[in-house]
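> To start, I am sharing the structure in question, which I have written as structure tokens.
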Amino acid sequence: MKVMVGGTFDPLHDGHKKLIERSFSLAGDGGTVIVGLTTDAFAGKKSHAITPYEQRREELVAYIKSSNFSADWIIEPLSDRYGPSLNADFDALVVSEETFPVALDINRKRTERGKKKVDIHQVSCVLAEDGRWISSTRIYRGEIDRHGHLIR
């Protein structure tokens, strides 16, 4: 199975890892995971500073390699919210609760272009100790660490 997942992954936190793990689980042995990693220009629209693309890519590669997933994988630059998902031949898209509406939009646009819809797999967001979502913004604000532990 060919699976797509995308994000800024900055910093790479437990919620991101859950998305990536689900993507590899779906792809399975002999499958492929295409990880879209936002470019600096696209990621620069966030409300906080972003680690440069190459550094984020290195951290992502290190995590994937250390996880010993059985599927093949590639990392592609993602310069907009859709990336190659509108025209590419793939089977499934893994998204968070937060990005689920984008997945619906992708399938709508694929249908308009005469492409088959893809399966959408929504992964629930990982909660921090305080019961709120782990997010990069909260980590950058110094509220929590990458694992959702409160910083006091």
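For the structure tokens, the naming scheme is as follows: chains receive sequential letters (A, B, ...) according to their order of presentation, residues are indexed from 1 within each chain, and ligands are indexed from 1 in presentation order.
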Near region 109-118 of chain A, within 12 Å and counting only C-alpha atoms, which residues show up once chain neighbours fewer than 6 positions away are dropped, as a ChimeraX atom specification?

/A:1-4,82,84-94,102-103

> Please produce, as CSV, a per-residue contact table for region 31-67 of chain A versus region 5-24 of chain A (criterion: any atom at most 6 Å away, only C-alpha atoms considered), showing the nearest atom pair and its distance in Å to one decimal, sorted by chain then residue number.


```
residue,atom,partner,partner_atom,distance
A:Val35,CA,A:Val5,CA,5.1
A:Gly36,CA,A:Gly6,CA,4.2
A:Leu37,CA,A:Gly7,CA,5.4
A:Thr38,CA,A:Thr8,CA,5.0
```

> Based on DSSP run over this structure's backbone, return all residues of chain A in helix (DSSP H, G or I), as number ranges by chain.

A: 14-27, 40-43, 53-67, 83-86, 100-112, 136-140

> Could you write out the selected residues, including C-alpha atoms, as a PDB file, in the first residue's frame?


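As written to disk, part06.pdb reads:
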```pdb
ATOM      1  CA  ASP A  14       4.791  12.324  20.235  1.00  0.00           C
ATOM      2  CA  GLY A  15       1.765  13.381  18.164  1.00  0.00           C
ATOM      3  CA  HIS A  16       3.873  13.464  15.011  1.00  0.00           C
ATOM      4  CA  LYS A  17       5.363  10.093  15.872  1.00  0.00           C
ATOM      5  CA  LYS A  18       1.860   8.621  16.198  1.00  0.00           C
ATOM      6  CA  LEU A  19       1.010   9.885  12.681  1.00  0.00           C
ATOM      7  CA  ILE A  20       4.200   8.452  11.236  1.00  0.00           C
ATOM      8  CA  GLU A  21       3.806   5.114  13.032  1.00  0.00           C
ATOM      9  CA  ARG A  22       0.226   4.777  11.749  1.00  0.00           C
ATOM     10  CA  SER A  23       1.401   5.561   8.216  1.00  0.00           C
ATOM     11  CA  PHE A  24       4.016   2.813   8.302  1.00  0.00           C
ATOM     12  CA  SER A  25       1.590   0.374   9.904  1.00  0.00           C
ATOM     13  CA  LEU A  26      -0.901   0.955   7.075  1.00  0.00           C
ATOM     14  CA  ALA A  27       1.740   0.691   4.364  1.00  0.00           C
ATOM     15  CA  ASP A  40      10.778  26.732   4.915  1.00  0.00           C
ATOM     16  CA  ALA A  41       8.663  29.114   2.819  1.00  0.00           C
ATOM     17  CA  PHE A  42       5.421  27.231   3.482  1.00  0.00           C
ATOM     18  CA  ALA A  43       6.209  26.524   7.151  1.00  0.00           C
ATOM     19  CA  TYR A  53      14.102  22.349   6.436  1.00  0.00           C
ATOM     20  CA  GLU A  54      17.365  20.367   6.317  1.00  0.00           C
ATOM     21  CA  GLN A  55      17.561  20.138  10.090  1.00  0.00           C
ATOM     22  CA  ARG A  56      13.907  19.026  10.348  1.00  0.00           C
ATOM     23  CA  ARG A  57      14.566  16.491   7.584  1.00  0.00           C
ATOM     24  CA  GLU A  58      17.606  15.101   9.403  1.00  0.00           C
ATOM     25  CA  GLU A  59      15.604  14.621  12.608  1.00  0.00           C
ATOM     26  CA  LEU A  60      12.788  12.926  10.676  1.00  0.00           C
ATOM     27  CA  VAL A  61      15.223  10.598   8.876  1.00  0.00           C
ATOM     28  CA  ALA A  62      16.898   9.685  12.171  1.00  0.00           C
ATOM     29  CA  TYR A  63      13.542   8.869  13.773  1.00  0.00           C
ATOM     30  CA  ILE A  64      12.347   6.755  10.825  1.00  0.00           C
ATOM     31  CA  LYS A  65      15.618   4.854  10.601  1.00  0.00           C
ATOM     32  CA  SER A  66      15.710   4.192  14.360  1.00  0.00           C
ATOM     33  CA  SER A  67      12.160   2.820  14.251  1.00  0.00           C
ATOM     34  CA  GLY A  83       1.616  18.728  -2.274  1.00  0.00           C
ATOM     35  CA  PRO A  84       1.472  15.827  -4.744  1.00  0.00           C
ATOM     36  CA  SER A  85      -1.738  14.435  -3.196  1.00  0.00           C
ATOM     37  CA  LEU A  86      -4.050  15.871  -5.866  1.00  0.00           C
ATOM     38  CA  PHE A 100      -8.864  16.081   8.669  1.00  0.00           C
ATOM     39  CA  PRO A 101     -10.719  18.886   6.789  1.00  0.00           C
ATOM     40  CA  VAL A 102      -7.730  19.205   4.420  1.00  0.00           C
ATOM     41  CA  ALA A 103      -8.000  15.474   3.640  1.00  0.00           C
ATOM     42  CA  LEU A 104     -11.679  15.896   2.742  1.00  0.00           C
ATOM     43  CA  ASP A 105     -10.715  18.802   0.494  1.00  0.00           C
ATOM     44  CA  ILE A 106      -8.032  16.653  -1.159  1.00  0.00           C
ATOM     45  CA  ASN A 107     -10.564  13.941  -2.026  1.00  0.00           C
ATOM     46  CA  ARG A 108     -13.007  16.545  -3.356  1.00  0.00           C
ATOM     47  CA  LYS A 109     -10.316  18.049  -5.587  1.00  0.00           C
ATOM     48  CA  ARG A 110      -9.151  14.584  -6.711  1.00  0.00           C
ATOM     49  CA  THR A 111     -12.726  13.748  -7.758  1.00  0.00           C
ATOM     50  CA  GLU A 112     -12.955  17.021  -9.706  1.00  0.00           C
ATOM     51  CA  SER A 136       4.428  22.472  18.276  1.00  0.00           C
ATOM     52  CA  THR A 137       3.068  25.879  19.250  1.00  0.00           C
ATOM     53  CA  ARG A 138       2.635  24.799  22.879  1.00  0.00           C
ATOM     54  CA  ILE A 139       6.152  23.352  22.871  1.00  0.00           C
ATOM     55  CA  TYR A 140       7.609  26.571  21.444  1.00  0.00           C
TER      56      TYR A 140
END
```

> When DSSP works through the backbone of this structure, what residues of region 38-76 of chain A end up as strand (DSSP E or B), shown as a PyMOL selection string?

chain A and resi 38+72-76

> Could you dump the residues just selected with N, CA and C atoms as an mmCIF file, in the first residue's frame?


```
data_model
loop_
_atom_site.group_PDB
_atom_site.id
_atom_site.type_symbol
_atom_site.label_atom_id
_atom_site.label_comp_id
_atom_site.auth_asym_id
_atom_site.auth_seq_id
_atom_site.Cartn_x
_atom_site.Cartn_y
_atom_site.Cartn_z
ATOM 1 N N THR A 38 7.083 20.112 5.071
ATOM 2 C CA THR A 38 6.873 21.480 4.608
ATOM 3 C C THR A 38 8.199 22.212 4.385
ATOM 4 N N ASP A 72 9.060 0.844 2.748
ATOM 5 C CA ASP A 72 9.974 1.806 2.154
ATOM 6 C C ASP A 72 9.440 3.201 2.435
ATOM 7 N N TRP A 73 10.267 4.202 2.263
ATOM 8 C CA TRP A 73 9.819 5.563 2.517
ATOM 9 C C TRP A 73 10.659 6.563 1.733
ATOM 10 N N ILE A 74 10.023 7.705 1.486
ATOM 11 C CA ILE A 74 10.717 8.841 0.893
ATOM 12 C C ILE A 74 10.183 10.099 1.570
ATOM 13 N N ILE A 75 11.008 11.112 1.601
ATOM 14 C CA ILE A 75 10.587 12.413 2.124
ATOM 15 C C ILE A 75 10.613 13.382 0.961
ATOM 16 N N GLU A 76 9.495 14.074 0.765
ATOM 17 C CA GLU A 76 9.377 15.046 -0.325
ATOM 18 C C GLU A 76 9.072 16.424 0.239
#
```

> Could you pull the residues within 12 Å of Gly131 (chain A), counting only C-alpha atoms, minus those fewer than 3 positions along the same chain, as a ChimeraX atom specification?

/A:125-128,134,144,148-150

> Kindly export the residues of the current selection with N, CA and C atoms, as a CSV table (one decimal), in the first residue's frame.


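File produced: result_11.csv:
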```csv
chain,number,residue,atom,x,y,z
A,125,CYS,N,-5.3,13.1,18.2
A,125,CYS,CA,-4.2,13.8,18.7
A,125,CYS,C,-3.8,13.3,20.0
A,126,VAL,N,-2.5,13.4,20.3
A,126,VAL,CA,-2.0,12.9,21.6
A,126,VAL,C,-2.1,14.0,22.6
A,127,LEU,N,-2.6,13.6,23.8
A,127,LEU,CA,-2.9,14.6,24.8
A,127,LEU,C,-1.7,14.8,25.7
A,128,ALA,N,-1.5,16.0,26.1
A,128,ALA,CA,-0.4,16.3,27.1
A,128,ALA,C,-1.0,16.0,28.5
A,134,ILE,N,-1.0,17.9,22.4
A,134,ILE,CA,0.4,18.2,22.2
A,134,ILE,C,0.5,19.0,20.9
A,144,ILE,N,4.9,22.9,27.4
A,144,ILE,CA,5.1,21.4,27.5
A,144,ILE,C,6.3,21.0,26.7
A,148,GLY,N,4.6,16.0,26.0
A,148,GLY,CA,3.4,16.4,26.6
A,148,GLY,C,3.5,16.7,28.1
A,149,HIS,N,4.7,16.6,28.7
A,149,HIS,CA,4.9,16.8,30.1
A,149,HIS,C,4.9,18.3,30.3
A,150,LEU,N,4.2,18.8,31.3
A,150,LEU,CA,4.1,20.2,31.6
A,150,LEU,C,5.5,20.7,32.1
```
